[in-house]
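Working notes, beginning with the structure itself.
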Amino acid sequence: MIGRDAIAIVAAAPERVRNNDAHYPYRQDSDFHYLTGFPEPAAVLALIPGRGHGEVILFCRERDAERERWDGPRAGTAGAVARYGADDAFPIEDIDDILPGMIEGRARVYYHFGRDTDFDLKLIGWVNRVRARVRAGAVPPHEFVALGHLLHDLRLFKSRAELGTMRRSARIAAAAHLRAMRAVRPGMSEAQVEAELLHVFRSHHAVPAYEPIVGGGANACVLHYRANDATLADGDLLLVDAGAEFQCYASDITRTYPVNGRFNEAQRALYEVVLDAQHAAIAKARAGESWIAPHEAAVRAITRGLLRLGLLKGSLESNLKSEAYKAFYMHKTGHWLGLDVHDVGDYRVDGDYRELEPGMVMTIEPGLYVAPDAKGVDRRFRGIGIRIEDDVVVTTGEPEVITSDVPKDADEIERLMAR
C-alpha cells in the first residue's frame, strides 16, 4: 500500500512515570502491537518494501542479565527474529547509525507525526542527516505522509485470529459482569462492585480496557461517571459499564439492573424502551447498511417509547426532526471496537457514512438518562439512568453478538439475581 519506494516507521509506546520512580503499567502502542506483537518498550519498527536484506526491521533492547534481574526477561535482537517474525533486528542503541541509511533513497516516509514529540524530533534529525549528504550523492525522502489513514483502515477489518481474541476478551468481560450482578446488594459500595469485576479480569490474565463505570441511582445519569465510591441504595438501579482487555484487544459491555434484584414499574418501563432500541439497532448492524443505520433505528425506537410514556409530546416524526429525544439520549449508539475501545477507522468516506462490511466490530449501546432535576417529567422517572451495550461483529449474515453471555432481558436479570 505504501509503495516500493517508501519506508514506514512506527515506534513502541514509551514507558510513563506515574509518580517519583513508579511507572504506570506498560501498555504497548496499538499500531505497533498490530504490526509486530512485540510487547516491549524502547523499540522501533521499520517497514522497507523491496529491501534485499529484509523488509521488516526491528530495533529493540539487547539482552542484559543485570537489567533483566530487575525488570524481567527481554526478547533481544535474536528473539525479535525468532519469536516475532522480524526479518532482521538491531540494538536500539545503534538506531542513530543504522536507520538514516535505511531512509536514504526512499521517496516517502510514512509516520505518525504528533503522537510523540520526542520521537518526531529524532526522525527529523535522521532525515536531516541524509539531507546533509546530498552533495555526496545521498537521496533524501521528499515527502512525509501520515500513516494512520492506511494502517487504521486495515485495523478496522478484523482477521479470524483477531476475532478469536476479541471473543475471548468478551467472554472474560461477560464473566465479570455476571459475578458483579450476582454479588450486588443494597448497602454495598460501588467500589465493592468494581472489585468483583477486577477480580475476574485479573484471574483471566486480562486488565480493564478502560476505567469501569459503576454508577448507582442518579450517578448512572453521569455518562462518564468515575468516582465509584457511593453506597448502593435499596430501590435504585445500578449501571455497570466495564470491559476487559485481553492481549491488547478490548471488549465493552454495559448492563443496568436493580440493586435489590427487582425492577419497579417505572424502572422497567424505561428499561424496556432501551432494550427495544438496542434490538432495533443490532438488527441494522449488517453488511450493506450504513454506519449510521443502527443509531437511526435506536433513536426511532427511543422516541416512540418516550412518547408512549409521556416524557415527550407530539408526533413521532416531529420529535425526530426536532431531536427532542436528546434531552434524555444525547450520545451515539456505538463506536468501532478493537485494539482500542474507541477503535480507529473512519466513520465517513468522502463525506458519507461508510457502509458496514464483514469483519468490522462495533458496540451497540443505546441509553436513557433522566436527570434528577428534569423539568416537566413524572417524578417516578427522575434520577434513572439506563444503558445496555453489547459488542457486535458484522458478518455476511446475521450480526454476531459476542457479549450475549450476560442477560439483558428484565425477567432473566431478576431470575439471575434471585439465585
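In the C-alpha cells, chains take letters A, B, ... by order of appearance, with residues numbered from 1 within each chain and ligands from 1 in the order shown.
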Polymer residues at most 7 Å from segment 149-159 of chain A, only C-alpha atoms, same-chain spacing of 3 or more positions, as a PDB file with N, CA and C atoms, in the first residue's frame:
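Result file result29.pdb:
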ATOM      1  N   ALA A 146       1.147  10.836   6.448  1.00  0.00           N
ATOM      2  CA  ALA A 146       0.516  10.290   7.650  1.00  0.00           C
ATOM      3  C   ALA A 146       0.216   8.807   7.446  1.00  0.00           C
ATOM      4  N   GLU A 162      -7.850 -12.247  15.079  1.00  0.00           N
ATOM      5  CA  GLU A 162      -8.264 -11.109  15.913  1.00  0.00           C
ATOM      6  C   GLU A 162      -9.659 -11.337  16.491  1.00  0.00           C
ATOM      7  N   LEU A 163     -10.566 -11.833  15.668  1.00  0.00           N
ATOM      8  CA  LEU A 163     -11.918 -12.090  16.161  1.00  0.00           C
ATOM      9  C   LEU A 163     -11.903 -13.151  17.259  1.00  0.00           C
ATOM     10  N   VAL A 344      -9.904   2.720  15.931  1.00  0.00           N
ATOM     11  CA  VAL A 344      -9.610   3.563  14.776  1.00  0.00           C
ATOM     12  C   VAL A 344     -10.453   3.131  13.575  1.00  0.00           C
ATOM     13  N   GLY A 345     -10.500   3.995  12.589  1.00  0.00           N
ATOM     14  CA  GLY A 345     -11.280   3.743  11.378  1.00  0.00           C
ATOM     15  C   GLY A 345     -12.226   4.889  11.134  1.00  0.00           C
ATOM     16  N   GLY A 359     -16.383  -8.290   9.083  1.00  0.00           N
ATOM     17  CA  GLY A 359     -15.098  -8.130   9.756  1.00  0.00           C
ATOM     18  C   GLY A 359     -15.015  -6.893  10.619  1.00  0.00           C
ATOM     19  N   MET A 360     -15.938  -5.962  10.450  1.00  0.00           N
ATOM     20  CA  MET A 360     -15.983  -4.797  11.339  1.00  0.00           C
ATOM     21  C   MET A 360     -16.607  -5.207  12.666  1.00  0.00           C
TER      22      MET A 360
END
Would you kindly return, as JSON, numbers by chain, each protein, DNA or RNA residue with an atom no farther than 7 Å from any atom of Val145 of chain A, considering only C-alpha atoms and excluding same-chain residues fewer than 4 positions away? {"A": [108, 109, 110, 111]}
Determine, counting only C-alpha atoms, which protein, DNA and RNA residues have an atom within 8 Å of an atom of Leu239 of chain A; residues of the same chain fewer than 3 positions away are not included. Present the result as a PyMOL selection string. chain A and resi 213-216+220+254-257+385-387
If we count only C-alpha atoms, what is near Ala43 of chain A at a cut-off of 8 Å, once residues fewer than 6 positions away on the same chain are taken out, given as a PyMOL selection string? chain A and resi 11-12+58-61+92
Using only N, CA and C atoms, please write the residues we just selected to a file, as a PDB file, in the first residue's frame.
ATOM      1  N   ALA A  11       6.983   3.622  16.181  1.00  0.00           N
ATOM      2  CA  ALA A  11       7.674   3.489  17.468  1.00  0.00           C
ATOM      3  C   ALA A  11       6.793   2.798  18.493  1.00  0.00           C
ATOM      4  N   ALA A  12       7.425   2.025  19.375  1.00  0.00           N
ATOM      5  CA  ALA A  12       6.709   1.442  20.507  1.00  0.00           C
ATOM      6  C   ALA A  12       6.300   2.545  21.470  1.00  0.00           C
ATOM      7  N   LEU A  58      13.362  -4.565  13.044  1.00  0.00           N
ATOM      8  CA  LEU A  58      13.006  -4.165  14.398  1.00  0.00           C
ATOM      9  C   LEU A  58      14.262  -3.743  15.154  1.00  0.00           C
ATOM     10  N   PHE A  59      14.211  -2.567  15.741  1.00  0.00           N
ATOM     11  CA  PHE A  59      15.242  -2.106  16.670  1.00  0.00           C
ATOM     12  C   PHE A  59      14.693  -2.309  18.074  1.00  0.00           C
ATOM     13  N   CYS A  60      15.468  -2.950  18.942  1.00  0.00           N
ATOM     14  CA  CYS A  60      14.972  -3.250  20.278  1.00  0.00           C
ATOM     15  C   CYS A  60      16.141  -3.354  21.259  1.00  0.00           C
ATOM     16  N   ARG A  61      15.802  -3.493  22.527  1.00  0.00           N
ATOM     17  CA  ARG A  61      16.824  -3.623  23.556  1.00  0.00           C
ATOM     18  C   ARG A  61      17.535  -4.967  23.435  1.00  0.00           C
ATOM     19  N   ILE A  92      18.667  -1.178  19.801  1.00  0.00           N
ATOM     20  CA  ILE A  92      18.068   0.159  19.740  1.00  0.00           C
ATOM     21  C   ILE A  92      19.130   1.240  19.915  1.00  0.00           C
TER      22      ILE A  92
END
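Considering the residues A:Asp411, A:Asp88, A:Asp276, A:Ser189 and counting only C-alpha atoms, Gly52 of chain A has its shortest atom-to-atom contact with A:Asp88.
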As a PyMOL selection string, list the residues of segment 4-247 of chain A assigned to alpha helix (DSSP H) by DSSP on the backbone atoms of this structure. chain A and resi 30-36+65-71+76-84+95-103+117-131+148-156+160-183+190-203
For segment 174-195 of chain A versus segment 259-273 of chain A, which residues have an atom no more than 9 Å away, and what is each residue's nearest atom pair and distance in Å rounded to one decimal, using only C-alpha atoms, chain-then-number order, as a tab-separated table?
residue	atom	partner	partner_atom	distance
A:Met181	CA	A:Val259	CA	8.8
A:Val184	CA	A:Val259	CA	6.3
A:Arg185	CA	A:Val259	CA	5.7
A:Pro186	CA	A:Val259	CA	5.9
Within 12 Å of Ala89 of chain A using only C-alpha atoms, minus same-chain residues under 5 positions, as an MDAnalysis selection string: chainID A and resid 43:47 53:62 75:84 94:95 98:99
Store the residues picked out above, limited to C-alpha atoms, as an mmCIF file, in the first residue's frame.
data_model
loop_
_atom_site.group_PDB
_atom_site.id
_atom_site.type_symbol
_atom_site.label_atom_id
_atom_site.label_comp_id
_atom_site.auth_asym_id
_atom_site.auth_seq_id
_atom_site.Cartn_x
_atom_site.Cartn_y
_atom_site.Cartn_z
ATOM 1 C CA ALA A 43 11.614 -0.412 20.174
ATOM 2 C CA VAL A 44 11.138 0.896 16.631
ATOM 3 C CA LEU A 45 9.728 -0.879 13.585
ATOM 4 C CA ALA A 46 10.845 -0.025 10.050
ATOM 5 C CA LEU A 47 8.925 -1.473 7.102
ATOM 6 C CA HIS A 53 18.256 -7.947 3.347
ATOM 7 C CA GLY A 54 14.757 -7.981 4.807
ATOM 8 C CA GLU A 55 11.715 -5.738 4.711
ATOM 9 C CA VAL A 56 10.658 -5.980 8.366
ATOM 10 C CA ILE A 57 13.300 -4.444 10.630
ATOM 11 C CA LEU A 58 13.006 -4.165 14.398
ATOM 12 C CA PHE A 59 15.242 -2.106 16.670
ATOM 13 C CA CYS A 60 14.972 -3.250 20.278
ATOM 14 C CA ARG A 61 16.824 -3.623 23.556
ATOM 15 C CA GLU A 62 19.566 -6.220 23.752
ATOM 16 C CA ALA A 75 13.476 -10.806 23.753
ATOM 17 C CA GLY A 76 16.694 -9.246 22.471
ATOM 18 C CA THR A 77 17.513 -8.998 18.776
ATOM 19 C CA ALA A 78 17.616 -12.779 18.345
ATOM 20 C CA GLY A 79 14.196 -13.146 19.948
ATOM 21 C CA ALA A 80 12.779 -10.379 17.749
ATOM 22 C CA VAL A 81 13.596 -12.501 14.724
ATOM 23 C CA ALA A 82 12.855 -15.943 16.145
ATOM 24 C CA ARG A 83 9.682 -15.155 18.092
ATOM 25 C CA TYR A 84 8.195 -12.047 16.491
ATOM 26 C CA ASP A 94 22.520 1.661 17.203
ATOM 27 C CA ILE A 95 19.462 3.209 15.575
ATOM 28 C CA ILE A 98 21.661 2.472 11.012
ATOM 29 C CA LEU A 99 18.202 3.944 10.359
#
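Those residues that approach Trp336 of chain A to within 6 Å, counting only C-alpha atoms, are His342, Asp343, Val361 and Met362 of chain A; same-chain residues fewer than 4 positions away are not listed.
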DSSP-assigned strand (DSSP E) members of segment 192-314 of chain A, reported as number ranges by chain: A: 207-208, 213-216, 237-242, 244-246, 249-250, 253-258
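Ranking A:Leu147, A:Ala8, A:Ile172, A:Ala183 by their shortest atom-to-atom distance to Leu416 of chain A, with only C-alpha atoms included, puts A:Ala183 first.
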Using only C-alpha atoms, the shortest atom-to-atom distance to Gly101 of chain A among A:Val139, A:Ala42, A:Ala280, A:Ala206 belongs to A:Val139
